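Pasting query-v2.cif here (mmCIF, C-alpha atoms):
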data_target
loop_
_atom_site.label_atom_id
_atom_site.label_comp_id
_atom_site.auth_asym_id
_atom_site.auth_seq_id
_atom_site.Cartn_x
_atom_site.Cartn_y
_atom_site.Cartn_z
CA VAL A 1 28.66 76.02 8.55
CA SER A 2 27.75 73.49 11.21
CA SER A 3 26.91 70.00 10.02
CA LEU A 4 25.04 69.23 13.25
CA PRO A 5 21.23 69.61 13.36
CA ASN A 6 21.33 72.18 16.17
CA SER A 7 19.07 75.12 15.48
CA ASP A 8 20.58 77.09 18.41
CA ASP A 9 23.83 77.55 16.45
CA ARG A 10 22.24 79.00 13.34
CA ILE A 11 22.85 82.55 12.17
CA THR A 12 19.60 84.16 11.10
CA PRO A 13 19.49 86.76 8.31
CA SER A 14 18.51 89.46 10.84
CA ALA A 15 21.68 88.71 12.85
CA ILE A 16 23.99 89.40 9.89
CA PRO A 17 25.46 92.92 10.19
CA PRO A 18 24.82 95.29 7.26
CA ALA A 19 27.52 95.49 4.63
CA PRO A 20 29.70 98.63 4.52
CA PRO A 21 28.96 101.18 1.78
CA CYS A 22 30.07 100.04 -1.66
CA ASP A 23 31.10 102.41 -4.45
CA MET A 24 30.74 99.85 -7.25
CA LYS A 25 27.53 99.07 -9.13
CA SER A 26 25.52 96.81 -6.86
CA PRO A 27 24.01 93.55 -8.14
CA PRO A 28 20.46 92.80 -6.96
CA LEU A 29 20.20 91.33 -3.48
CA SER A 30 19.44 87.60 -3.83
CA PRO A 31 16.19 88.09 -5.81
CA TYR A 32 14.62 84.80 -4.67
CA GLY A 33 15.46 85.31 -1.00
CA VAL A 34 18.19 84.88 1.60
CA PHE A 35 18.39 81.55 3.42
CA ALA A 36 20.16 80.55 6.62
CA GLY A 37 20.78 76.99 7.75
CA GLN A 38 23.13 74.06 7.40
CA LEU A 39 25.11 72.86 4.40
CA VAL A 40 25.76 69.12 4.42
CA GLN A 41 27.48 66.61 2.18
CA TYR A 42 24.98 63.79 1.78
CA SER A 43 27.05 61.80 -0.70
CA SER A 44 30.82 61.45 -1.03
CA THR A 45 30.89 59.54 -4.34
CA PRO A 46 29.88 61.59 -6.19
CA SER A 47 30.29 64.54 -3.86
CA LEU A 48 26.82 66.04 -3.44
CA ILE A 49 25.56 68.65 -1.00
CA ALA A 50 22.22 69.89 0.31
CA PHE A 51 21.16 72.99 2.19
CA GLU A 52 18.64 72.61 5.01
CA SER A 53 16.89 75.57 6.60
CA SER A 54 15.05 74.54 9.75
CA PRO A 55 12.27 76.13 11.80
CA PRO A 56 13.34 77.94 14.99
CA ILE A 57 12.55 75.09 17.40
CA SER A 58 14.73 73.51 20.06
CA GLN A 59 14.66 70.03 18.52
CA PRO A 60 15.48 69.15 14.89
CA SER A 61 12.39 68.93 12.72
CA ARG A 62 11.41 65.40 11.77
CA ASN A 63 9.58 66.68 8.69
CA LYS A 64 11.66 67.50 5.59
CA CYS A 65 10.35 69.20 2.44
CA ILE A 66 12.67 68.82 -0.57
CA LEU A 67 12.54 71.50 -3.27
CA LEU A 68 13.68 70.54 -6.78
CA GLY A 69 13.89 72.83 -9.79
CA GLY A 70 13.90 72.15 -13.51
CA LEU A 71 16.51 71.98 -16.25
CA SER A 72 19.65 74.02 -15.35
CA ASP A 73 18.34 74.87 -11.86
CA GLY A 74 20.10 74.38 -8.52
CA PRO A 75 19.23 75.59 -5.02
CA ILE A 76 16.79 78.52 -4.79
CA PRO A 77 15.24 77.52 -8.13
CA THR A 78 11.98 79.44 -8.02
CA PRO A 79 10.58 82.84 -6.98
CA TYR A 80 8.44 81.11 -4.33
CA ALA A 81 11.36 79.36 -2.60
CA LYS A 82 11.43 81.82 0.29
CA ILE A 83 7.70 81.86 1.01
CA LEU A 84 7.72 78.06 0.74
CA GLU A 85 10.43 78.02 3.40
CA GLU A 86 8.34 80.33 5.60
CA LYS A 87 5.27 78.14 5.16
CA CYS A 88 7.29 75.02 5.97
CA HIS A 89 8.71 76.61 9.12
CA SER A 90 5.29 77.73 10.31
CA LEU A 91 4.14 74.10 10.13
CA GLY A 92 7.25 72.57 11.71
CA TRP A 93 8.91 71.43 8.46
CA SER A 94 12.47 72.02 7.28
CA LEU A 95 13.17 73.01 3.68
CA VAL A 96 15.93 71.02 1.97
CA GLN A 97 17.47 72.18 -1.30
CA PRO A 98 19.86 69.61 -2.80
CA ILE A 99 22.36 69.66 -5.59
CA LEU A 100 22.09 66.53 -7.74
CA SER A 101 24.49 65.38 -10.44
CA SER A 102 21.90 66.72 -12.89
CA SER A 103 21.74 70.20 -11.36
CA TYR A 104 22.76 73.20 -13.46
CA LEU A 105 24.05 71.86 -16.80
CA GLY A 106 24.49 68.33 -15.46
CA PHE A 107 21.02 67.40 -16.73
CA GLY A 108 22.45 67.00 -20.23
CA HIS A 109 24.28 63.82 -19.28
CA GLY A 110 21.97 62.72 -16.49
CA SER A 111 18.85 60.60 -16.20
CA LEU A 112 15.77 60.27 -14.03
CA SER A 113 17.12 56.95 -12.72
CA LYS A 114 20.30 58.59 -11.49
CA ASP A 115 18.30 61.45 -9.96
CA THR A 116 16.13 58.96 -8.08
CA GLU A 117 19.18 57.12 -6.75
CA GLU A 118 20.58 60.39 -5.43
CA LEU A 119 17.28 61.55 -3.94
CA VAL A 120 16.99 58.24 -2.08
CA ARG A 121 20.55 58.75 -0.83
CA LEU A 122 19.59 62.24 0.38
CA MET A 123 16.49 60.97 2.17
CA GLU A 124 18.44 58.14 3.82
CA TYR A 125 21.05 60.65 4.98
CA LEU A 126 18.38 62.92 6.46
CA LYS A 127 16.74 59.97 8.17
CA CYS A 128 19.98 58.72 9.72
CA HIS A 129 21.60 62.06 10.64
CA HIS A 130 18.84 64.70 10.77
CA SER A 131 16.02 62.83 12.51
CA ALA A 132 13.78 62.72 9.40
CA GLU A 133 10.58 60.69 9.73
CA ARG A 134 8.45 62.00 6.86
CA PHE A 135 9.17 63.80 3.61
CA ALA A 136 7.53 66.06 1.08
CA LEU A 137 8.80 66.89 -2.39
CA VAL A 138 7.98 70.06 -4.33
CA GLY A 139 9.08 69.79 -7.95
CA HIS A 140 9.16 72.64 -10.45
CA SER A 141 9.05 71.88 -14.19
CA THR A 142 11.38 68.90 -14.85
CA GLY A 143 11.44 68.44 -11.08
CA CYS A 144 7.88 67.14 -11.58
CA GLN A 145 9.32 64.22 -13.56
CA ASN A 146 11.61 63.54 -10.61
CA GLY A 147 8.65 63.34 -8.25
CA VAL A 148 6.72 60.90 -10.43
CA HIS A 149 9.80 58.75 -11.12
CA LEU A 150 10.85 58.66 -7.46
CA LEU A 151 7.44 57.32 -6.46
CA LYS A 152 7.69 54.51 -9.00
CA CYS A 153 11.36 53.55 -8.80
CA GLY A 154 12.64 54.68 -5.41
CA LYS A 155 13.34 52.25 -2.56
CA ARG A 156 10.00 51.35 -1.03
CA ASP A 157 10.97 51.90 2.61
CA VAL A 158 12.06 55.44 1.67
CA VAL A 159 9.17 56.22 -0.68
CA ASP A 160 6.67 55.14 1.98
CA ARG A 161 7.89 58.10 4.08
CA LEU A 162 7.00 60.50 1.26
CA LYS A 163 3.66 61.99 2.35
CA VAL A 164 3.30 65.00 0.02
CA VAL A 165 4.35 65.53 -3.60
CA ALA A 166 3.58 68.85 -5.30
CA LEU A 167 4.09 69.15 -9.05
CA GLN A 168 4.36 72.79 -10.10
CA ALA A 169 4.28 73.19 -13.90
CA PRO A 170 4.21 69.51 -14.96
CA VAL A 171 4.69 70.29 -18.65
CA SER A 172 5.94 68.21 -21.55
CA ASP A 173 9.52 68.88 -22.67
CA ARG A 174 8.65 67.08 -25.90
CA GLU A 175 5.86 69.56 -26.65
CA SER A 176 7.69 72.62 -25.35
CA ILE A 177 10.66 72.18 -27.70
CA THR A 178 8.32 72.67 -30.67
CA LEU A 179 8.03 76.32 -29.60
CA ASN A 180 11.73 76.85 -30.40
CA PRO A 181 13.18 77.23 -33.90
CA GLY A 182 15.15 74.34 -35.39
CA ASP A 183 14.77 71.00 -37.14
CA HIS A 184 13.85 68.99 -34.05
CA SER A 185 12.76 65.94 -36.04
CA ALA A 186 16.20 65.66 -37.62
CA HIS A 187 17.94 66.09 -34.27
CA LEU A 188 15.70 63.45 -32.70
CA ALA A 189 16.36 61.02 -35.56
CA HIS A 190 20.11 61.54 -35.10
CA ALA A 191 19.83 60.95 -31.34
CA GLN A 192 17.73 57.81 -31.82
CA SER A 193 20.26 56.50 -34.32
CA LEU A 194 23.09 56.96 -31.84
CA VAL A 195 21.09 55.23 -29.10
CA SER A 196 20.21 52.30 -31.38
CA ARG A 197 23.93 51.82 -32.09
CA LEU A 198 24.69 51.80 -28.34
CA ASN A 199 26.29 55.25 -28.56
CA GLY A 200 23.74 57.01 -26.39
CA GLU A 201 26.40 58.75 -24.32
CA GLU A 202 27.72 60.60 -27.37
CA MET A 203 27.07 64.33 -27.28
CA MET A 204 24.58 65.89 -29.67
CA PRO A 205 25.62 68.60 -32.18
CA ARG A 206 25.85 72.11 -30.80
CA ASP A 207 22.87 73.36 -32.80
CA SER A 208 20.53 70.66 -31.45
CA PHE A 209 19.95 72.24 -28.04
CA TRP A 210 20.92 75.25 -25.95
CA ALA A 211 22.99 73.15 -23.52
CA PRO A 212 25.40 70.21 -23.90
CA ILE A 213 23.29 67.04 -24.03
CA THR A 214 23.84 63.36 -24.76
CA ALA A 215 21.81 61.45 -27.32
CA SER A 216 20.23 59.35 -24.55
CA ARG A 217 18.97 62.36 -22.60
CA TYR A 218 17.80 64.02 -25.79
CA VAL A 219 15.65 60.99 -26.61
CA SER A 220 14.45 60.79 -23.00
CA LEU A 221 13.29 64.42 -23.00
CA PHE A 222 12.06 64.86 -26.56
CA GLY A 223 11.19 61.42 -27.91
CA LEU A 224 7.65 60.03 -27.88
CA GLY A 225 7.47 57.64 -24.93
CA GLY A 226 10.89 58.74 -23.62
CA ASP A 227 11.72 58.27 -19.95
CA ASP A 228 10.77 61.92 -19.27
CA ASP A 229 7.55 61.82 -21.31
CA PHE A 230 4.95 61.85 -18.50
CA PHE A 231 2.80 64.89 -19.24
CA SER A 232 2.31 65.16 -23.01
CA SER A 233 -1.19 66.05 -24.19
CA ASP A 234 -1.06 63.66 -27.18
CA LEU A 235 -0.61 60.57 -25.02
CA THR A 236 -3.73 58.41 -24.90
CA ASP A 237 -5.57 57.84 -21.63
CA GLU A 238 -4.09 54.34 -21.55
CA GLU A 239 -0.56 55.66 -22.06
CA LEU A 240 -1.02 58.28 -19.33
CA SER A 241 -2.32 55.57 -17.01
CA GLU A 242 0.74 53.43 -17.71
CA ARG A 243 3.04 56.34 -16.83
CA LEU A 244 1.12 57.85 -13.92
CA GLY A 245 -1.20 55.18 -12.49
CA HIS A 246 1.31 54.12 -9.85
CA VAL A 247 0.76 57.44 -8.04
CA GLY A 248 -2.72 56.47 -6.85
CA ASN A 249 -1.76 52.87 -6.07
CA ILE A 250 1.21 53.89 -3.94
CA GLY A 251 -0.61 56.81 -2.36
CA ARG A 252 -3.51 54.72 -1.13
CA MET A 253 -1.06 52.39 0.61
CA SER A 254 1.30 55.02 2.04
CA GLY A 255 -1.03 57.94 2.79
CA LEU A 256 0.52 60.16 0.10
CA HIS A 257 -1.21 63.33 -1.12
CA LEU A 258 -0.23 64.76 -4.53
CA LEU A 259 -0.96 68.22 -5.91
CA ALA A 260 -0.61 68.93 -9.64
CA ALA A 261 -0.51 72.71 -10.20
CA PHE A 262 -0.74 73.95 -13.78
CA SER A 263 -0.24 77.54 -14.96
CA LYS A 264 -2.91 78.81 -17.37
CA LYS A 265 -0.39 81.14 -19.03
CA ASP A 266 2.60 78.77 -19.05
CA GLU A 267 4.87 79.99 -21.84
CA TYR A 268 6.32 76.50 -22.35
CA VAL A 269 2.98 74.97 -23.34
CA PRO A 270 1.79 75.38 -26.95
CA HIS A 271 -1.34 77.56 -27.26
CA SER A 272 -3.15 74.75 -29.07
CA ILE A 273 -3.24 72.64 -25.90
CA ASP A 274 -6.29 72.91 -23.65
CA LYS A 275 -4.62 73.15 -20.27
CA ASP A 276 -7.80 72.54 -18.27
CA VAL A 277 -8.48 69.31 -20.14
CA LEU A 278 -4.85 68.19 -19.84
CA LEU A 279 -4.75 68.80 -16.09
CA LYS A 280 -7.95 66.77 -15.60
CA ARG A 281 -6.50 63.93 -17.66
CA LEU A 282 -3.24 63.91 -15.67
CA VAL A 283 -5.08 63.83 -12.34
CA SER A 284 -7.47 61.11 -13.53
CA ALA A 285 -4.54 58.98 -14.73
CA MET A 286 -2.86 59.33 -11.34
CA ASN A 287 -5.97 58.46 -9.36
CA GLY A 288 -7.03 55.67 -11.70
CA PHE A 289 -10.51 57.12 -12.19
CA ASP A 290 -12.23 60.25 -13.51
CA GLU A 291 -13.65 62.89 -11.21
CA GLY A 292 -17.12 61.80 -10.13
CA GLU A 293 -16.65 58.21 -11.32
CA ASN A 294 -15.08 56.70 -8.21
CA GLU A 295 -17.60 53.88 -7.84
CA ALA A 296 -15.31 51.80 -5.63
CA GLY A 297 -14.97 54.66 -3.14
CA GLN A 298 -11.17 54.72 -3.36
CA ARG A 299 -9.26 57.53 -1.66
CA VAL A 300 -8.42 60.43 -3.94
CA VAL A 301 -4.63 60.76 -3.93
CA ALA A 302 -4.05 63.39 -6.63
CA SER A 303 -5.79 66.74 -6.94
CA GLY A 304 -5.38 69.48 -9.53
CA LEU A 305 -4.92 73.24 -9.18
CA MET A 306 -5.20 75.60 -12.14
CA LEU A 307 -3.42 78.90 -11.52
CA GLU A 308 -5.40 81.13 -13.85
CA THR A 309 -2.97 84.05 -14.20
CA ALA A 310 0.33 82.25 -13.67
CA ASN A 311 3.30 81.78 -15.96
CA HIS A 312 5.73 78.85 -15.83
CA ASN A 313 7.61 79.66 -12.60
CA LEU A 314 4.95 81.91 -10.99
CA SER A 315 7.13 84.99 -11.36
CA GLU A 316 4.78 87.42 -13.12
CA CYS A 317 1.39 87.93 -11.47
CA GLU A 318 0.85 88.95 -7.88
CA GLY A 319 -0.67 86.24 -5.73
CA ASP A 320 0.29 83.21 -7.85
CA LYS A 321 3.21 82.19 -5.65
CA GLU A 322 1.12 82.58 -2.52
CA HIS A 323 -1.81 80.62 -3.99
CA PHE A 324 0.43 77.67 -4.82
CA VAL A 325 2.31 77.70 -1.52
CA GLU A 326 -0.95 77.88 0.46
CA ALA A 327 -2.17 74.76 -1.34
CA VAL A 328 1.10 72.97 -0.54
CA GLY A 329 0.85 74.12 3.07
CA LYS A 330 -2.58 72.54 3.47
CA LEU A 331 -1.17 69.18 2.43
CA LEU A 332 1.86 69.55 4.70
CA ALA A 333 -0.46 70.30 7.64
CA LEU A 334 -2.73 67.38 6.72
CA SER A 335 0.17 64.94 6.58
CA CYS A 336 1.12 65.78 10.17
CA ASP A 337 -2.34 65.08 11.62
#
Rendering of file as C-alpha cells:
Amino acid sequence: VSSLPNSDDRITPSAIPPAPPCDMKSPPLSPYGVFAGQLVQYSSTPSLIAFESSPPISQPSRNKCILLGGLSDGPIPTPYAKILEEKCHSLGWSLVQPILSSSYLGFGHGSLSKDTEELVRLMEYLKCHHSAERFALVGHSTGCQNGVHLLKCGKRDVVDRLKVVALQAPVSDRESITLNPGDHSAHLAHAQSLVSRLNGEEMMPRDSFWAPITASRYVSLFGLGGDDDFFSSDLTDEELSERLGHVGNIGRMSGLHLLAAFSKKDEYVPHSIDKDVLLKRLVSAMNGFDEGENEAGQRVVASGLMLETANHNLSECEGDKEHFVEAVGKLLALSCD
C-alpha cells in the first residue's frame, strides 16, 4: 500500500475483481464495510499504524477525521464506520482509523495519558506528511474518554487544530461494571491496595475482569474519581465541572464544536439512571452553564443528542447510525466555513 498521499494511486472497492467461487463455508463479508486507502506507520517506537481513506479529489485533503473505538476495539470499530467515511468524503474530509498501544486488549495495561501522547503523535504525523490543517475526532464508548482527555492534556498547538469532537455513547465504565456479576468492591479494594503499594502495574486476578488488566487501569476505569471517570451519574455538578469544564474554555478559544450523543437504550447504562438528565448535566458541565442560563452570552461549545431508539453502538434500530452521522456531518461542514 502506498505511503504517499496520492489519491490517484488508490484502488477503490469497485475496482477489485470478484473472488472466484469458493466451496468452503463463507464468513460474512466485512460486516462494518470495506475500506480502501493508505496504511501508514505514524510511530516507530512503539510501532503504530493508521489507515486513512481519502475523498476522491486530486489534492490530499487537509481535513482529517479520526475514529476511535472503545475497549478491545481497533480499526472499523462501529457499525457506522462506513457511512461516517462516506459523509466525511462528501464534505472533503479523510477518515483516519489508528491503532494505539491500547487497541484490542492493550487497554488493560494502557492509560489515557499514553493514548493522548500517541494521538498527538498521529496528528503531528498527519500534519507533517499528509497536509493536515484541521482535525475532528469521533469517539465511541471509551473513545469518548480519549476525546475529553486529549482536549485537556494534549499539546496546545495540536489541540487548537481540533475543530470537532463527537462523543458517541459517553457512558461510565464504573457504573456499567455493576451490571456484571462478581464482587467488584473486593476487586477494586485489591487494585487500590496494589496501587497504594506502588505495584499498580501488577496484573489483576483472572476473575476480576474479562480481559487482562493491571491494577492501575482497573482503578482508573472502575474507581470513584479514577482517570477514566468522566461521565458517572453520581458525580456532583462540581465534580463534573472539574472533569469536563475545560471543554467549553478550550472550545471558545479554538473554535471547537462538541457533540455528546447518548443512546436511550444503551445496554451498558443501569436502568436506574435517567439518561436525559445525565446528558443535560454532562453538556452543562462542558459549557460551564445550564441551558437557558447563559447570561454572559458565551458561545455554546457542547450540544447534546439523545438517540431515542439506539443501543450502545447504534447497531440495532434502523436510522440510528444515520441520525448520528448526519449530526456529525453538520459540525464537519460548519468547521470548514
Counting all atoms listed in the file, which residue out of A:Lys265, A:Lys87, A:His187, A:His149 sits closest to Val165 of chain A?
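Looking only at the distances to Val165 of chain A, the closest residue turns out to be A:His149.
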6 Å contact set for segment 108-111 of chain A, only C-alpha atoms, chain neighbours under 6 positions out, as an NGL selection string:
:A and (102 or 212-214)
Which residues of segment 39-138 of chain A come within 10 Å of segment 159-164 of chain A, and what is each one's closest atom pair and distance in Å (one decimal), counting only C-alpha atoms, sorted by chain and residue number, as JSON lines?
{"residue": "A:Asn63", "atom": "CA", "partner": "A:Lys163", "partner_atom": "CA", "distance": 9.9}
{"residue": "A:Lys64", "atom": "CA", "partner": "A:Leu162", "partner_atom": "CA", "distance": 9.5}
{"residue": "A:Cys65", "atom": "CA", "partner": "A:Val164", "partner_atom": "CA", "distance": 8.6}
{"residue": "A:Val120", "atom": "CA", "partner": "A:Val159", "partner_atom": "CA", "distance": 8.2}
{"residue": "A:Met123", "atom": "CA", "partner": "A:Val159", "partner_atom": "CA", "distance": 9.2}
{"residue": "A:Lys127", "atom": "CA", "partner": "A:Arg161", "partner_atom": "CA", "distance": 9.9}
{"residue": "A:Ala132", "atom": "CA", "partner": "A:Arg161", "partner_atom": "CA", "distance": 9.2}
{"residue": "A:Glu133", "atom": "CA", "partner": "A:Arg161", "partner_atom": "CA", "distance": 6.8}
{"residue": "A:Arg134", "atom": "CA", "partner": "A:Arg161", "partner_atom": "CA", "distance": 4.8}
{"residue": "A:Phe135", "atom": "CA", "partner": "A:Leu162", "partner_atom": "CA", "distance": 4.6}
{"residue": "A:Ala136", "atom": "CA", "partner": "A:Val164", "partner_atom": "CA", "distance": 4.5}
{"residue": "A:Leu137", "atom": "CA", "partner": "A:Val164", "partner_atom": "CA", "distance": 6.3}
{"residue": "A:Val138", "atom": "CA", "partner": "A:Val164", "partner_atom": "CA", "distance": 8.2}
Step by step, work through what the PyMOL selection byres ((chain A and resi 191-201) around 7) selects in the shown file, and finish by giving those residues as a ChimeraX atom specification.
/A:187-190,202-203,214-216,218-219
I would like the residues chosen by the PyMOL selection byres ((chain A and resi 284-289) around 12) on the shown file; could you give them as JSON, numbers by chain?
{"A": [148, 151, 152, 230, 231, 235, 236, 237, 238, 239, 240, 241, 242, 243, 244, 245, 246, 247, 248, 249, 250, 251, 252, 256, 257, 258, 259, 260, 277, 278, 279, 280, 281, 282, 283, 290, 291, 292, 293, 294, 295, 296, 297, 298, 299, 300, 301, 302, 303, 304]}
Å distance separating atom CA of Leu84 of chain A from atom CA of Asn313 of chain A, one decimal place
13.4 Å
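Separating atom CA of His184 of chain A from atom CA of Phe222 of chain A is a distance of 8.7 Å.
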Interatomic distance (Å, one decimal) between atom CA of Glu308 of chain A and atom CA of Glu322 of chain A:
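So the answer is 13.2 Å.
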Here's a test: counting all atoms listed in the file, identify every protein, DNA and RNA residue with an atom at most 7 Å from (7.7, 71.6, -6.0) in the file's coordinate frame, and state them as a list of chain:residue names.
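Neighbouring residues, ordered by chain and number, come to A:Leu67, A:Leu68, A:Leu137, A:Val138, A:Gly139, A:His140, A:Ala166, A:Leu167, A:Gln168.
Considering all atoms listed in the file, the residue among A:Ser176, A:Thr45, A:Thr142, A:Thr116 positioned nearest to Lys155 of chain A is A:Thr116.
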